[in-house]
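Raw target-v6.cif, mmCIF, C-alpha atoms:
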data_structure
loop_
_atom_site.label_atom_id
_atom_site.label_comp_id
_atom_site.auth_asym_id
_atom_site.auth_seq_id
_atom_site.Cartn_x
_atom_site.Cartn_y
_atom_site.Cartn_z
CA MET A 1 -54.34 7.83 -31.99
CA ASN A 2 -53.43 11.34 -33.20
CA LYS A 3 -50.67 11.52 -30.60
CA ILE A 4 -49.22 8.18 -31.72
CA LEU A 5 -49.35 9.30 -35.37
CA LEU A 6 -47.59 12.57 -34.52
CA ARG A 7 -44.90 10.73 -32.53
CA SER A 8 -44.44 8.28 -35.40
CA LEU A 9 -44.02 10.96 -38.06
CA THR A 10 -41.65 13.04 -35.97
CA GLY A 11 -39.73 9.93 -34.96
CA ALA A 12 -39.37 8.82 -38.59
CA VAL A 13 -37.85 12.18 -39.57
CA PHE A 14 -35.50 12.09 -36.57
CA ILE A 15 -34.40 8.51 -37.32
CA SER A 16 -33.69 9.41 -40.95
CA ILE A 17 -31.58 12.41 -39.93
CA ILE A 18 -29.48 10.17 -37.67
CA LEU A 19 -29.20 6.97 -39.71
CA ILE A 20 -28.53 8.35 -43.21
CA PRO A 21 -25.23 10.05 -42.24
CA ILE A 22 -24.15 6.97 -40.26
CA PHE A 23 -24.23 4.88 -43.43
CA PHE A 24 -22.87 7.51 -45.82
CA SER A 25 -20.68 10.17 -44.17
CA ASP A 26 -18.87 10.11 -40.83
CA ARG A 27 -17.97 13.78 -40.95
CA PHE A 28 -21.48 14.89 -41.84
CA LEU A 29 -22.72 12.73 -38.97
CA ALA A 30 -20.37 14.60 -36.62
CA VAL A 31 -21.95 17.87 -37.80
CA VAL A 32 -25.47 16.51 -37.28
CA LEU A 33 -24.61 15.23 -33.81
CA GLY A 34 -22.97 18.57 -33.02
CA PHE A 35 -26.19 20.35 -34.00
CA PHE A 36 -28.20 18.14 -31.66
CA MET A 37 -25.62 18.65 -28.92
CA VAL A 38 -25.94 22.44 -29.17
CA ILE A 39 -29.72 22.26 -28.78
CA GLY A 40 -29.35 19.72 -25.96
CA LEU A 41 -26.95 21.96 -24.04
CA ILE A 42 -29.25 24.97 -24.40
CA GLU A 43 -32.20 22.88 -23.18
CA PHE A 44 -30.18 21.55 -20.25
CA TYR A 45 -29.02 24.92 -18.95
CA LYS A 46 -32.33 26.64 -19.70
CA LEU A 47 -33.98 23.90 -17.63
CA PHE A 48 -32.13 25.11 -14.55
CA GLU A 49 -33.21 28.68 -15.17
CA ARG A 50 -36.72 27.55 -14.22
CA GLY A 51 -35.59 26.56 -10.74
CA ASN A 52 -34.12 28.63 -7.93
CA SER A 53 -31.27 26.34 -6.94
CA ALA A 54 -28.75 27.34 -9.65
CA ASN A 55 -27.97 30.31 -11.86
CA VAL A 56 -25.80 29.22 -14.77
CA SER A 57 -24.63 31.25 -17.74
CA TRP A 58 -25.92 29.06 -20.55
CA GLU A 59 -24.00 31.11 -23.14
CA THR A 60 -20.65 30.43 -21.47
CA SER A 61 -21.55 26.80 -20.89
CA LEU A 62 -22.58 26.40 -24.53
CA TYR A 63 -19.33 27.97 -25.71
CA TYR A 64 -17.24 25.50 -23.73
CA GLY A 65 -19.41 22.54 -24.75
CA VAL A 66 -19.13 23.40 -28.46
CA PHE A 67 -15.39 24.05 -28.15
CA THR A 68 -14.86 20.72 -26.37
CA TYR A 69 -16.90 18.83 -28.95
CA GLY A 70 -15.18 20.57 -31.84
CA VAL A 71 -11.62 19.97 -30.62
CA SER A 72 -12.39 16.34 -29.68
CA SER A 73 -13.98 15.64 -33.06
CA LEU A 74 -11.09 17.19 -34.98
CA VAL A 75 -8.67 15.03 -32.98
CA LEU A 76 -10.73 11.91 -33.66
CA PHE A 77 -10.72 12.67 -37.39
CA ASP A 78 -6.92 13.27 -37.26
CA VAL A 79 -7.31 16.91 -38.28
CA LEU A 80 -5.64 17.96 -35.02
CA PRO A 81 -2.97 16.03 -33.06
CA ASN A 82 -3.90 14.30 -29.82
CA GLU A 83 -1.95 16.95 -27.93
CA ALA A 84 -4.66 19.48 -28.80
CA LEU A 85 -6.87 17.89 -26.13
CA VAL A 86 -4.55 19.31 -23.46
CA ILE A 87 -6.01 22.79 -24.00
CA LEU A 88 -9.43 21.67 -22.73
CA ILE A 89 -8.35 21.25 -19.08
CA PRO A 90 -6.80 24.70 -18.41
CA MET A 91 -9.63 26.27 -20.38
CA LEU A 92 -12.15 24.57 -18.09
CA PHE A 93 -10.36 25.86 -14.99
CA SER A 94 -10.17 29.37 -16.44
CA LEU A 95 -13.94 29.33 -17.04
CA PHE A 96 -14.43 28.60 -13.35
CA LEU A 97 -13.05 32.06 -12.62
CA ILE A 98 -16.03 33.68 -14.31
CA GLU A 99 -18.04 32.81 -11.21
CA LEU A 100 -15.87 35.26 -9.23
CA TRP A 101 -17.32 38.21 -11.14
CA ARG A 102 -20.88 37.02 -11.72
CA LYS A 103 -21.91 37.78 -8.12
CA LYS A 104 -24.60 35.09 -8.15
CA LYS A 105 -25.87 33.01 -5.26
CA ASN A 106 -24.68 29.43 -4.74
CA PRO A 107 -21.48 29.62 -6.84
CA LEU A 108 -20.50 26.02 -6.06
CA ILE A 109 -23.89 24.74 -7.20
CA ASN A 110 -23.60 26.90 -10.33
CA LEU A 111 -20.21 25.40 -11.15
CA SER A 112 -21.49 21.89 -10.46
CA VAL A 113 -24.40 22.35 -12.87
CA PHE A 114 -22.04 23.79 -15.49
CA VAL A 115 -19.66 20.83 -15.30
CA PHE A 116 -22.46 18.28 -15.09
CA GLY A 117 -24.02 19.66 -18.27
CA ILE A 118 -20.75 19.06 -20.15
CA ILE A 119 -20.47 15.52 -18.77
CA TYR A 120 -24.13 14.66 -19.27
CA VAL A 121 -24.64 16.14 -22.76
CA THR A 122 -21.33 16.85 -24.50
CA VAL A 123 -19.33 13.75 -23.52
CA PRO A 124 -21.91 11.24 -24.87
CA PHE A 125 -21.94 13.02 -28.23
CA ILE A 126 -18.14 12.90 -28.34
CA LEU A 127 -18.31 9.16 -27.61
CA MET A 128 -20.76 8.74 -30.50
CA VAL A 129 -18.22 10.33 -32.83
CA HIS A 130 -15.53 8.11 -31.33
CA ILE A 131 -17.58 4.98 -32.01
CA THR A 132 -18.08 6.11 -35.61
CA VAL A 133 -14.39 6.79 -36.21
CA MET A 134 -13.13 3.54 -34.66
CA ASP A 135 -15.83 1.42 -36.33
CA ASN A 136 -14.77 -1.04 -39.02
CA ASN A 137 -17.63 -3.44 -38.42
CA THR A 138 -19.85 -4.93 -41.13
CA PHE A 139 -22.93 -3.27 -39.67
CA PRO A 140 -22.32 0.25 -38.24
CA LEU A 141 -22.08 0.00 -34.47
CA LEU A 142 -23.70 3.37 -33.86
CA ALA A 143 -26.65 2.47 -36.08
CA GLY A 144 -27.20 -0.74 -34.12
CA MET A 145 -26.93 1.10 -30.81
CA PHE A 146 -29.49 3.70 -31.86
CA ILE A 147 -31.87 1.12 -33.33
CA LEU A 148 -31.85 -1.02 -30.18
CA THR A 149 -32.33 2.03 -27.97
CA TRP A 150 -35.25 3.25 -30.08
CA VAL A 151 -36.82 -0.22 -30.19
CA ASN A 152 -36.65 -0.40 -26.42
CA ASP A 153 -38.21 3.04 -26.01
CA THR A 154 -40.90 2.55 -28.66
CA PHE A 155 -42.09 -0.88 -27.57
CA ALA A 156 -41.93 0.02 -23.89
CA TYR A 157 -44.28 2.91 -24.73
CA LEU A 158 -46.63 0.76 -26.84
CA SER A 159 -46.60 -2.17 -24.40
CA GLY A 160 -47.38 0.21 -21.58
CA LEU A 161 -50.34 1.64 -23.50
CA ILE A 162 -51.72 -1.82 -24.24
CA ALA A 163 -51.03 -3.76 -21.06
CA GLY A 164 -49.52 -1.37 -18.53
CA LYS A 165 -50.90 -1.74 -15.01
CA THR A 166 -48.05 -2.00 -12.52
CA LYS A 167 -46.14 1.24 -11.93
CA LEU A 168 -42.39 0.89 -12.38
CA PHE A 169 -41.12 4.03 -10.61
CA GLU A 170 -44.18 6.10 -9.79
CA ARG A 171 -42.35 8.69 -7.69
CA ILE A 172 -40.25 9.76 -10.69
CA SER A 173 -42.25 8.71 -13.76
CA PRO A 174 -45.92 7.90 -13.07
CA LYS A 175 -46.64 6.67 -16.62
CA LYS A 176 -43.91 4.03 -16.81
CA THR A 177 -45.05 0.49 -16.07
CA SER A 178 -43.37 -2.86 -15.44
CA GLU A 179 -45.36 -4.40 -18.30
CA GLY A 180 -44.12 -1.71 -20.67
CA THR A 181 -40.54 -2.25 -19.51
CA ILE A 182 -40.78 -6.01 -20.09
CA GLY A 183 -42.33 -5.47 -23.53
CA GLY A 184 -39.55 -3.08 -24.50
CA ALA A 185 -36.89 -5.51 -23.27
CA VAL A 186 -38.32 -8.47 -25.18
CA PHE A 187 -38.50 -6.59 -28.48
CA THR A 188 -35.01 -5.14 -27.97
CA ILE A 189 -33.53 -8.62 -27.61
CA ILE A 190 -35.46 -9.78 -30.70
CA ALA A 191 -34.15 -6.76 -32.65
CA ALA A 192 -30.59 -7.54 -31.51
CA ILE A 193 -30.92 -11.12 -32.75
CA ILE A 194 -32.22 -9.86 -36.11
CA ILE A 195 -29.33 -7.37 -36.47
CA GLY A 196 -26.78 -10.04 -35.59
CA TYR A 197 -28.32 -12.86 -37.60
CA VAL A 198 -29.21 -10.88 -40.75
CA PHE A 199 -26.67 -8.05 -40.95
CA ASP A 200 -23.69 -8.99 -38.77
CA ASN A 201 -23.57 -12.73 -38.23
CA ASP A 202 -19.95 -12.67 -37.09
CA HIS A 203 -20.95 -10.65 -34.02
CA LEU A 204 -24.32 -12.13 -33.11
CA ILE A 205 -23.23 -12.71 -29.52
CA PHE A 206 -22.09 -9.10 -29.21
CA TRP A 207 -25.45 -7.73 -30.30
CA ILE A 208 -27.28 -9.93 -27.81
CA LEU A 209 -24.93 -8.80 -25.03
CA ALA A 210 -25.32 -5.19 -26.17
CA SER A 211 -29.10 -5.46 -25.96
CA LEU A 212 -28.83 -6.72 -22.37
CA ILE A 213 -26.75 -3.64 -21.54
CA ILE A 214 -28.86 -1.19 -23.52
CA ILE A 215 -32.15 -2.22 -21.86
CA PRO A 216 -31.31 -1.15 -18.27
CA CYS A 217 -29.19 1.82 -19.39
CA ALA A 218 -31.98 3.22 -21.56
CA ILE A 219 -34.48 2.82 -18.73
CA LEU A 220 -32.21 4.47 -16.17
CA GLY A 221 -31.37 7.30 -18.57
CA ASP A 222 -35.06 7.92 -19.13
CA LEU A 223 -35.73 7.93 -15.39
CA MET A 224 -32.84 10.33 -14.78
CA GLU A 225 -34.26 12.77 -17.31
CA SER A 226 -37.67 12.42 -15.65
CA LEU A 227 -36.02 13.24 -12.32
CA PHE A 228 -34.57 16.45 -13.76
CA LYS A 229 -37.91 17.52 -15.20
CA ARG A 230 -39.86 16.66 -12.06
CA SER A 231 -37.35 18.61 -9.97
CA MET A 232 -37.92 21.66 -12.19
CA ASN A 233 -41.66 20.99 -12.51
CA VAL A 234 -41.68 20.81 -16.33
CA LYS A 235 -43.19 18.24 -18.69
CA ASP A 236 -40.64 18.42 -21.53
CA THR A 237 -37.18 19.96 -21.87
CA GLY A 238 -38.22 21.58 -25.17
CA ASN A 239 -40.70 21.51 -28.03
CA ILE A 240 -38.47 21.11 -31.08
CA MET A 241 -39.86 17.62 -31.74
CA PRO A 242 -43.69 17.51 -31.69
CA GLY A 243 -44.90 14.50 -29.77
CA HIS A 244 -41.48 13.89 -28.23
CA GLY A 245 -40.54 17.18 -26.57
CA GLY A 246 -36.97 18.39 -26.79
CA ILE A 247 -33.63 16.93 -27.82
CA LEU A 248 -32.90 15.86 -24.24
CA ASP A 249 -36.22 14.02 -24.16
CA ARG A 250 -35.22 12.16 -27.33
CA PHE A 251 -31.61 11.40 -26.28
CA ASP A 252 -32.19 10.76 -22.57
CA GLY A 253 -31.76 6.99 -22.78
CA THR A 254 -28.98 7.26 -25.35
CA PHE A 255 -26.82 9.39 -23.04
CA PHE A 256 -26.62 6.52 -20.56
CA VAL A 257 -26.36 3.83 -23.23
CA VAL A 258 -23.34 5.24 -25.12
CA PRO A 259 -20.53 4.78 -22.56
CA PHE A 260 -21.65 1.28 -21.58
CA PHE A 261 -22.19 0.24 -25.20
CA LEU A 262 -18.67 1.39 -26.06
CA MET A 263 -17.29 -0.47 -23.04
CA CYS A 264 -19.16 -3.61 -24.15
CA TRP A 265 -17.64 -3.44 -27.64
CA VAL A 266 -14.10 -2.89 -26.31
CA LEU A 267 -14.37 -5.77 -23.81
CA TYR A 268 -15.99 -8.05 -26.40
CA ASN A 269 -13.09 -7.50 -28.80
CA TYR A 270 -10.56 -7.97 -26.01
CA PHE A 271 -11.91 -11.35 -24.95
CA THR A 272 -12.82 -12.76 -28.37
#
Please render this file's structure as structure tokens.
Amino acid sequence: MNKILLRSLTGAVFISIILIPIFFSDRFLAVVLGFFMVIGLIEFYKLFERGNSANVSWETSLYYGVFTYGVSSLVLFDVLPNEALVILIPMLFSLFLIELWRKKKNPLINLSVFVFGIIYVTVPFILMVHITVMDNNTFPLLAGMFILTWVNDTFAYLSGLIAGKTKLFERISPKKTSEGTIGGAVFTIIAAIIIGYVFDNDHLIFWILASLIIIPCAILGDLMESLFKRSMNVKDTGNIMPGHGGILDRFDGTFFVVPFFLMCWVLYNYFT
């Protein structure tokens, strides 16, 4: 009970930090997301320091991640021209050269981890900013995406506690159950119907379709994060959020949800 209370209180603070800027200030939201991205990148690269397979300079990786996020956000907000994005590619290739002088083992694996961290952590946060900037919907798209993702995660957890018996993917995540997954899915669809029916009736079908995409993406994102942690033999990626772990633990499902949610919105508008 104490653990659930702690998770609830921490989750409420986290939700407030995310949702308030979404409804009131796009640019402040970009700053908030950038803050979470910085912590997420540090957690990601520090995670690999615990293993012996890769040796990545987290400082260099963080610098490029922040630079990429900053330039992309400024372009999205029309502060910089689109041409400014061109600088990111040669800069990435120039950073590869650092591996020549680091004299570390497994340079190709090191580079792969470096690039993967940018794709896995930085790109989803850039897409969140993109969704915010392009959004002219009655109900903020990013708010709906987060709410449905959180509903899925929360009710999967609660359903698993109450009725969980059948293991979903025991090799990767021993605590996840099929009953919890079904419970999370049912409540996510219900939440989507409520969002569409009450707040955004013109796009009710979209929110239902989005929920059907968010459910498997959130689950797979969670499992992928569990795979990383199990490979490095750690329980959480950090401890910044009591009861939840680190930023990567909190955003794991969201990272997989964002690109598919954006694709769903683009295709929905194209065909309707």
Expand the PyMOL selection byres ((chain A and resi 183) around 9) into the individual residues it matches in the shown file, reporting them as a ChimeraX atom specification.
-> /A:152,155-160,178-182,184-188
Report the centre and edge lengths, in Å to one decimal, of an axis-aligned box enclosing every atom of region 120-138 of chain A listed in the file, padded by 3 Å on each side, as AutoDock Vina command-line options.
--center_x -18.9 --center_y 6.0 --center_z -30.2 --size_x 17.5 --size_y 27.8 --size_z 27.9
Picked residues, the PyMOL selection byres ((chain A and resi 138) around 12), expected as a PyMOL selection string = chain A and resi 23+135-137+139-144+195-196+198-204
How would the residues just picked look written out with C-alpha atoms as a PDB file, keeping the file's coordinate frame?
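The resulting file, result07.pdb, is reproduced below:
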ATOM      1  CA  PHE A  23     -24.230   4.880 -43.430  1.00  0.00           C
ATOM      2  CA  ASP A 135     -15.830   1.420 -36.330  1.00  0.00           C
ATOM      3  CA  ASN A 136     -14.770  -1.040 -39.020  1.00  0.00           C
ATOM      4  CA  ASN A 137     -17.630  -3.440 -38.420  1.00  0.00           C
ATOM      5  CA  PHE A 139     -22.930  -3.270 -39.670  1.00  0.00           C
ATOM      6  CA  PRO A 140     -22.320   0.250 -38.240  1.00  0.00           C
ATOM      7  CA  LEU A 141     -22.080   0.000 -34.470  1.00  0.00           C
ATOM      8  CA  LEU A 142     -23.700   3.370 -33.860  1.00  0.00           C
ATOM      9  CA  ALA A 143     -26.650   2.470 -36.080  1.00  0.00           C
ATOM     10  CA  GLY A 144     -27.200  -0.740 -34.120  1.00  0.00           C
ATOM     11  CA  ILE A 195     -29.330  -7.370 -36.470  1.00  0.00           C
ATOM     12  CA  GLY A 196     -26.780 -10.040 -35.590  1.00  0.00           C
ATOM     13  CA  VAL A 198     -29.210 -10.880 -40.750  1.00  0.00           C
ATOM     14  CA  PHE A 199     -26.670  -8.050 -40.950  1.00  0.00           C
ATOM     15  CA  ASP A 200     -23.690  -8.990 -38.770  1.00  0.00           C
ATOM     16  CA  ASN A 201     -23.570 -12.730 -38.230  1.00  0.00           C
ATOM     17  CA  ASP A 202     -19.950 -12.670 -37.090  1.00  0.00           C
ATOM     18  CA  HIS A 203     -20.950 -10.650 -34.020  1.00  0.00           C
ATOM     19  CA  LEU A 204     -24.320 -12.130 -33.110  1.00  0.00           C
TER      20      LEU A 204
END
Provide the CA of Leu227 (chain A) to CA of Phe96 (chain A) distance in Å, to one decimal place.
->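 Between these atoms lies a distance of 26.5 Å.
Closest approach to Ile109 (chain A) from the set A:Ala54, A:Leu97, A:Val32, A:Ile39 is made by A:Ala54, with distances taken over all atoms listed in the file.
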